[in-house]
Amino acid sequence: MALDGVQNPGNMGTIIRLADWFGISDIVCSADSADCFNPKVVQATMGAILRVRVHYTDLAKYVESLPTGTPVYGTFLEGENLYDTTLQNRGLVVMGSEGRGVSEAVAKAVTNKLYIPPYPADNCNTESLNVAIATAIICAEFRRAK
């Protein structure tokens, strides 16, 4: 899993906790993501910070350095319906920042753009989902697809 500019400490901590729940041992973060040792992040992890390794790097370069053929999934409003997509049990899932989504530099390397549709499909009252909630849905769907 990769986080691209996730800045809210509560979201960061919740995502680390989700990673622990879904068996994800490493999260790679862009340098502008929240500090995983921020007290609010640590509190939100409920101890998961002790089991999930969090790395900070130039995320665009990291994604570009992945072996050829590695699926890179990202969440986008113009992506393919998550529930109609065949998900592989390998690769990287990129979750974007709360306000900007996945950065342009990282988006260039995304091979599979995913979209979590609202229900019912014509329900357009809410602009987007909270990144931690979206991460939970994405992780659950990857787990279900295994």
# chains A, B, ... in the order shown; residues from 1 in each chain; ligands from 1
>>> residues_around(residues="stretch 33-41 of chain A", least_positions_apart="6", cutoff="9 Å", atoms="only C-alpha atoms", output="list in words")
Leu3, Asp4, Gly5, Val6, Gln7, Asn8, Pro9, Gly10, Asn11, Met12, Gly13, Thr14, Ile16, Ile49, Val54, Tyr56 and Ser97 of chain A
>>> residues_around(residues="stretch 131-144 of chain A", least_positions_apart="5", cutoff="8 Å", atoms="only C-alpha atoms", output="PyMOL selection string")
chain A and resi 6+11-12+14-15+18+22+82-83+87-89+95-98+116
>>> atom_distance(atom1="atom CA of A:Ser103", atom2="atom CA of A:Arg51")
27.6 Å
>>> closest_residue(among="A:Leu129, A:Leu50, A:Ala105, A:Leu59", to="A:Ala19", atoms="only C-alpha atoms")
A:Leu50
>>> closest_residue(among="A:Asn130, A:Leu92, A:Glu78, A:Gly99", to="A:Tyr115", atoms="only C-alpha atoms")
A:Glu78
>>> residues_around(residues="A:Asp26", least_positions_apart="4", cutoff="7 Å", atoms="only C-alpha atoms", output="list in words")
Met1, Val52, Arg53 and Val54 of chain A
>>> closest_residue(among="A:Asp20, A:Asp122, A:Ile27, A:Ala44", to="A:Val93", atoms="only C-alpha atoms")
A:Ile27
>>> closest_residue(among="A:Thr75, A:Thr57, A:Asn112, A:Thr70", to="A:Arg100", atoms="only C-alpha atoms")
A:Thr75
>>> decode(residues="stretch 25-62 of chain A", atoms="N, CA and C atoms", output="mmCIF file, in the first residue's frame")
data_model
loop_
_atom_site.group_PDB
_atom_site.id
_atom_site.type_symbol
_atom_site.label_atom_id
_atom_site.label_comp_id
_atom_site.auth_asym_id
_atom_site.auth_seq_id
_atom_site.Cartn_x
_atom_site.Cartn_y
_atom_site.Cartn_z
ATOM 1 N N SER A 25 1.849 -5.436 5.712
ATOM 2 C CA SER A 25 2.931 -5.203 6.667
ATOM 3 C C SER A 25 3.726 -3.926 6.411
ATOM 4 N N ASP A 26 3.600 -3.352 5.219
ATOM 5 C CA ASP A 26 4.368 -2.146 4.878
ATOM 6 C C ASP A 26 3.485 -1.131 4.167
ATOM 7 N N ILE A 27 3.670 0.133 4.521
ATOM 8 C CA ILE A 27 3.025 1.244 3.833
ATOM 9 C C ILE A 27 4.125 2.185 3.383
ATOM 10 N N VAL A 28 4.121 2.529 2.103
ATOM 11 C CA VAL A 28 5.093 3.475 1.559
ATOM 12 C C VAL A 28 4.383 4.806 1.382
ATOM 13 N N CYS A 29 4.960 5.858 1.959
ATOM 14 C CA CYS A 29 4.322 7.174 1.949
ATOM 15 C C CYS A 29 5.179 8.201 1.223
ATOM 16 N N SER A 30 4.506 9.144 0.587
ATOM 17 C CA SER A 30 5.216 10.298 0.035
ATOM 18 C C SER A 30 5.716 11.130 1.208
ATOM 19 N N ALA A 31 6.744 11.927 0.954
ATOM 20 C CA ALA A 31 7.353 12.727 2.011
ATOM 21 C C ALA A 31 6.380 13.726 2.626
ATOM 22 N N ASP A 32 5.347 14.132 1.896
ATOM 23 C CA ASP A 32 4.394 15.112 2.424
ATOM 24 C C ASP A 32 3.209 14.473 3.143
ATOM 25 N N SER A 33 3.292 13.182 3.429
ATOM 26 C CA SER A 33 2.249 12.519 4.220
ATOM 27 C C SER A 33 2.481 12.804 5.698
ATOM 28 N N ALA A 34 1.449 12.624 6.505
ATOM 29 C CA ALA A 34 1.544 12.859 7.941
ATOM 30 C C ALA A 34 2.629 11.980 8.567
ATOM 31 N N ASP A 35 3.251 12.499 9.611
ATOM 32 C CA ASP A 35 4.286 11.773 10.350
ATOM 33 C C ASP A 35 3.627 10.645 11.140
ATOM 34 N N CYS A 36 4.056 9.429 10.890
ATOM 35 C CA CYS A 36 3.421 8.281 11.539
ATOM 36 C C CYS A 36 3.640 8.265 13.051
ATOM 37 N N PHE A 37 4.563 9.096 13.565
ATOM 38 C CA PHE A 37 4.791 9.147 15.008
ATOM 39 C C PHE A 37 4.146 10.365 15.661
ATOM 40 N N ASN A 38 3.357 11.100 14.895
ATOM 41 C CA ASN A 38 2.540 12.168 15.450
ATOM 42 C C ASN A 38 1.638 11.529 16.510
ATOM 43 N N PRO A 39 1.499 12.131 17.687
ATOM 44 C CA PRO A 39 0.685 11.512 18.738
ATOM 45 C C PRO A 39 -0.737 11.166 18.303
ATOM 46 N N LYS A 40 -1.359 11.982 17.460
ATOM 47 C CA LYS A 40 -2.717 11.685 16.987
ATOM 48 C C LYS A 40 -2.725 10.459 16.072
ATOM 49 N N VAL A 41 -1.666 10.307 15.274
ATOM 50 C CA VAL A 41 -1.551 9.127 14.411
ATOM 51 C C VAL A 41 -1.390 7.887 15.275
ATOM 52 N N VAL A 42 -0.450 7.940 16.210
ATOM 53 C CA VAL A 42 -0.176 6.790 17.076
ATOM 54 C C VAL A 42 -1.444 6.375 17.820
ATOM 55 N N GLN A 43 -2.179 7.344 18.347
ATOM 56 C CA GLN A 43 -3.413 7.033 19.065
ATOM 57 C C GLN A 43 -4.423 6.352 18.145
ATOM 58 N N ALA A 44 -4.566 6.858 16.921
ATOM 59 C CA ALA A 44 -5.547 6.292 15.987
ATOM 60 C C ALA A 44 -5.178 4.880 15.533
ATOM 61 N N THR A 45 -3.906 4.514 15.592
ATOM 62 C CA THR A 45 -3.498 3.171 15.165
ATOM 63 C C THR A 45 -3.909 2.104 16.168
ATOM 64 N N MET A 46 -4.186 2.496 17.402
ATOM 65 C CA MET A 46 -4.562 1.545 18.465
ATOM 66 C C MET A 46 -3.548 0.402 18.580
ATOM 67 N N GLY A 47 -2.275 0.735 18.440
ATOM 68 C CA GLY A 47 -1.210 -0.251 18.588
ATOM 69 C C GLY A 47 -0.686 -0.831 17.290
ATOM 70 N N ALA A 48 -1.397 -0.620 16.191
ATOM 71 C CA ALA A 48 -0.969 -1.191 14.910
ATOM 72 C C ALA A 48 0.366 -0.618 14.434
ATOM 73 N N ILE A 49 0.741 0.569 14.916
ATOM 74 C CA ILE A 49 2.017 1.176 14.536
ATOM 75 C C ILE A 49 3.191 0.269 14.925
ATOM 76 N N LEU A 50 2.970 -0.631 15.872
ATOM 77 C CA LEU A 50 4.020 -1.562 16.292
ATOM 78 C C LEU A 50 4.149 -2.749 15.343
ATOM 79 N N ARG A 51 3.168 -2.943 14.456
ATOM 80 C CA ARG A 51 3.173 -4.111 13.571
ATOM 81 C C ARG A 51 3.251 -3.766 12.085
ATOM 82 N N VAL A 52 3.030 -2.519 11.738
ATOM 83 C CA VAL A 52 3.075 -2.098 10.330
ATOM 84 C C VAL A 52 4.256 -1.156 10.147
ATOM 85 N N ARG A 53 5.108 -1.468 9.191
ATOM 86 C CA ARG A 53 6.265 -0.608 8.904
ATOM 87 C C ARG A 53 5.823 0.503 7.953
ATOM 88 N N VAL A 54 6.161 1.742 8.294
ATOM 89 C CA VAL A 54 5.804 2.895 7.481
ATOM 90 C C VAL A 54 7.097 3.506 6.954
ATOM 91 N N HIS A 55 7.163 3.661 5.637
ATOM 92 C CA HIS A 55 8.361 4.178 4.968
ATOM 93 C C HIS A 55 8.013 5.485 4.268
ATOM 94 N N TYR A 56 8.941 6.433 4.277
ATOM 95 C CA TYR A 56 8.756 7.708 3.574
ATOM 96 C C TYR A 56 9.814 7.821 2.485
ATOM 97 N N THR A 57 9.362 8.209 1.288
ATOM 98 C CA THR A 57 10.277 8.299 0.149
ATOM 99 C C THR A 57 9.665 9.188 -0.925
ATOM 100 N N ASP A 58 10.402 9.375 -1.995
ATOM 101 C CA ASP A 58 9.859 10.031 -3.186
ATOM 102 C C ASP A 58 8.954 8.987 -3.833
ATOM 103 N N LEU A 59 7.661 9.133 -3.650
ATOM 104 C CA LEU A 59 6.718 8.089 -4.055
ATOM 105 C C LEU A 59 6.699 7.877 -5.561
ATOM 106 N N ALA A 60 6.797 8.948 -6.335
ATOM 107 C CA ALA A 60 6.794 8.804 -7.797
ATOM 108 C C ALA A 60 7.983 7.951 -8.248
ATOM 109 N N LYS A 61 9.151 8.198 -7.688
ATOM 110 C CA LYS A 61 10.339 7.400 -8.042
ATOM 111 C C LYS A 61 10.182 5.952 -7.570
ATOM 112 N N TYR A 62 9.606 5.775 -6.390
ATOM 113 C CA TYR A 62 9.390 4.419 -5.877
ATOM 114 C C TYR A 62 8.485 3.624 -6.819
#
